[in-house]
Amino acid sequence: MFSGPPADPAASAGLGISPAGAAAAAAVQASTASVTPTTGGASGVGAIPGEASGQAAARRSWTAPLLLCAAGVLALLIALFGPGLVARGTGELRIPGAGLTTVLRTVLFAALALHLGELLAPQLIRPVRGRPRTAVRSWAVLASLAGAAAAAGQIVRLAAVSDLGITETYGTREGGLLLLIANGLVVAALCAASKRPALALVPLAVVIGAEALRAHPEAYSPEFGAALTVVHLTAASLWTGGLLYVLRTMWLWRGSPVAARALLGRYARLAIWLYVALAATGTASMLRRLPLDVVFTSAYGRTLLVKLALMAVVSVLALAARRRMLRDTDPSVAHRLARREQVVLGLVVVVSAVLTVVPDPHWISLRP
């Protein structure tokens with residue numbers, strides 16, 4: 001297995017050994033070494049160069065897909081059973097089909113994030129100097145079509161729960177807004193498939209406005225609540241979808257660490273302002289919608305506490321990624337932290353969908 005440098009005939013002759021004898025001795029030595037068992041130990045005798053690194057790379061190649069699958073299963077379980085779990089013991093009315101509705105709205109929110117992120121990220125990529133000319137594959141068309149299917153599924157569910165026909169469901173407030181959302185996402189998919197994908201901003205803006213109106217049927221200042229939701233949903237979609245696109249691009253640029261690090265830095269500077277918008281609108285929405293006396297005794301309050309805890313984890317991971325990005329020239333560690341941030345953001349999207357399904361907490365509040 002192992003062999004040294006070839007024998008020097010001149011040196012062999014100086015020792016009184018003929019070149020043929022030296023060759024025979026070298027052959028015997030090589031055959032002896034080849035039957036020597038390779039054993040690993042503290043001295044590293046017999047270790048195969050690169051074997052340990054290859055095994056570590058194989059483990060890493062399996063770890064990421066497994067973690068992603070586990071996160072997907074966890075998100076599905078949260079969507080299906082989360083509304084029932086947070087409402088247990090609150091005395092609130094049971095929402096028919098809450099789990100299915102949460103799944104459909106999760107798909108809708110994810111579609112908005114993916115499409116808006118693909119419209120935002122290229123603006124961050126273009127000014128990066130020395131960047132590779134390769135680009136990641138677009139998911140905008142499939143995402144928008146999936147979102148349209150999710151909106152159509154909500155229409156069917158609403159018709160089944162209300163015991164109405166599909167055409168009659170279109171005439172209701174929620175059914176009409178869901179129809180507008182579905183059509184808007186179909187138009188956005190067509191724009192994404194065209195030569196001018198930026199035109200999708202118009203139908204996506206209509207979709208966000210319609211979803212904001214749908215989410216606020218309450219009698220107390222619904223216009224103000226819808227305006228807060230427009231800003232909150234837009235900022236959340238840009239943050240989540242933009243980060244995903246940036247991470248995919250960084251992986252594609254892994255051979256150009258300088259460009260990858262510059263791209264992550266540009267995204268981090270924008271993410272600060274998105275975080276401020278999320279915090280401001282989220283706080284205003286909480287103070288407006290959640291009475292303080294039912295924070296722990298309503299499904300809405302309990303779900304909001306879970307969302308705040310997840311956002312705290314996201315904040316810590318984002319700060320850690322930014323710190324490592326500023327300290328290290330190699331962006332791999334920051335990329336790994338940002339991937340974890342992306343996973344937790346996915347759970348935030350699911351919990352946000354649960355928030356849109358649980359009952360309005362004002363119904364059980366003791367405040368007049």
# chains A, B, ... in the order shown; residues from 1 in each chain; ligands from 1
$ closest_atom_pairs --of "range 166-225 of chain A" --to "range 269-290 of chain A" --cutoff "12 Å" --atoms "only C-alpha atoms" --output "JSON lines"
{"residue": "A:Ala215", "atom": "CA", "partner": "A:Arg289", "partner_atom": "CA", "distance": 11.9}
{"residue": "A:His216", "atom": "CA", "partner": "A:Arg289", "partner_atom": "CA", "distance": 10.2}
{"residue": "A:Glu218", "atom": "CA", "partner": "A:Arg289", "partner_atom": "CA", "distance": 9.7}
{"residue": "A:Ala219", "atom": "CA", "partner": "A:Arg289", "partner_atom": "CA", "distance": 11.5}
{"residue": "A:Tyr220", "atom": "CA", "partner": "A:Arg289", "partner_atom": "CA", "distance": 9.2}
{"residue": "A:Ser221", "atom": "CA", "partner": "A:Arg288", "partner_atom": "CA", "distance": 9.2}
{"residue": "A:Pro222", "atom": "CA", "partner": "A:Arg289", "partner_atom": "CA", "distance": 10.5}
{"residue": "A:Phe224", "atom": "CA", "partner": "A:Ser285", "partner_atom": "CA", "distance": 9.2}
{"residue": "A:Gly225", "atom": "CA", "partner": "A:Ser285", "partner_atom": "CA", "distance": 6.8}
$ residues_around --residues "range 180-197 of chain A" --least-positions-apart "2" --cutoff "7 Å" --atoms "only C-alpha atoms" --output "mmCIF file with C-alpha atoms, in the first residue's frame"
data_model
loop_
_atom_site.group_PDB
_atom_site.id
_atom_site.type_symbol
_atom_site.label_atom_id
_atom_site.label_comp_id
_atom_site.auth_asym_id
_atom_site.auth_seq_id
_atom_site.Cartn_x
_atom_site.Cartn_y
_atom_site.Cartn_z
ATOM 1 C CA ALA A 140 -41.480 31.954 -8.349
ATOM 2 C CA VAL A 141 -43.845 30.320 -10.843
ATOM 3 C CA SER A 144 -47.334 31.396 -6.893
ATOM 4 C CA LEU A 145 -49.277 28.519 -8.420
ATOM 5 C CA GLY A 147 -50.326 29.770 -3.325
ATOM 6 C CA ALA A 148 -53.220 30.062 -5.782
ATOM 7 C CA ALA A 151 -56.379 30.032 -1.782
ATOM 8 C CA ALA A 152 -58.713 27.918 -3.915
ATOM 9 C CA GLY A 176 -64.598 37.082 -2.654
ATOM 10 C CA LEU A 177 -61.267 38.108 -1.128
ATOM 11 C CA LEU A 178 -59.924 34.556 -1.427
ATOM 12 C CA LEU A 199 -44.452 43.058 -13.257
ATOM 13 C CA ALA A 200 -45.488 40.476 -10.668
ATOM 14 C CA PRO A 203 -50.634 41.381 -8.521
ATOM 15 C CA LEU A 204 -48.606 40.480 -5.419
ATOM 16 C CA VAL A 206 -53.144 43.137 -4.623
ATOM 17 C CA VAL A 207 -52.776 39.739 -2.959
ATOM 18 C CA ALA A 210 -56.719 41.307 -0.045
#
$ residues_around --residues "Gly82 in chain A" --least-positions-apart "6" --cutoff "10 Å" --atoms "only C-alpha atoms" --output "PyMOL selection string"
chain A and resi 75-76+98-99+102+299+303+350-351+354-355+358
$ select_by_dssp --residues "range 170-240 of chain A" --states "alpha helix (DSSP H)" --output "JSON, numbers by chain"
{"A": [170, 173, 174, 175, 176, 177, 178, 179, 180, 181, 182, 183, 184, 185, 186, 187, 188, 189, 190, 191, 192, 193, 201, 202, 203, 204, 205, 206, 207, 208, 209, 210, 211, 212, 213, 214, 222, 223, 224, 225, 226, 227, 228, 229, 230, 231, 232, 233, 234, 235, 236, 237, 238, 239, 240]}
$ residues_around --residues "Ile95 in chain A" --least-positions-apart "6" --cutoff "9 Å" --atoms "only C-alpha atoms" --output "JSON, numbers by chain"
{"A": [83, 84, 357, 358, 359]}
$ residues_around --residues "Val258 in chain A" --least-positions-apart "2" --cutoff "12 Å" --atoms "only C-alpha atoms" --output "PyMOL selection string"
chain A and resi 128-132+250+253-256+260-265+325+328-332
$ closest_residue --among "A:Ser162, A:Gln342, A:Ser298, A:Thr240" --to "Asp360 in chain A" --atoms "only C-alpha atoms"
A:Ser298
$ residues_around --residues "Ala121 in chain A" --least-positions-apart "6" --cutoff "8 Å" --atoms "only C-alpha atoms" --output "list in words"
Gly242, Tyr245 and Val246 of chain A
$ write_last_selection --atoms "N, CA, C and O atoms" --output "compact mmCIF listing (two decimals), in the first residue's frame"
# COMPACT_ATOMS: atom_id res chain seq x y z
N GLY A 242 -36.26 36.65 0.98
CA GLY A 242 -34.97 37.20 0.59
C GLY A 242 -33.81 36.41 1.17
O GLY A 242 -32.81 36.16 0.50
N TYR A 245 -33.33 33.12 -0.77
CA TYR A 245 -32.68 33.32 -2.06
C TYR A 245 -31.20 33.63 -1.89
O TYR A 245 -30.35 33.14 -2.66
N VAL A 246 -30.86 34.43 -0.88
CA VAL A 246 -29.46 34.76 -0.62
C VAL A 246 -28.68 33.51 -0.22
O VAL A 246 -27.55 33.30 -0.68
$ closest_residue --among "A:Val333, A:Val202, A:Leu104, A:Ala321" --to "Arg157 in chain A" --atoms "only C-alpha atoms"
A:Leu104
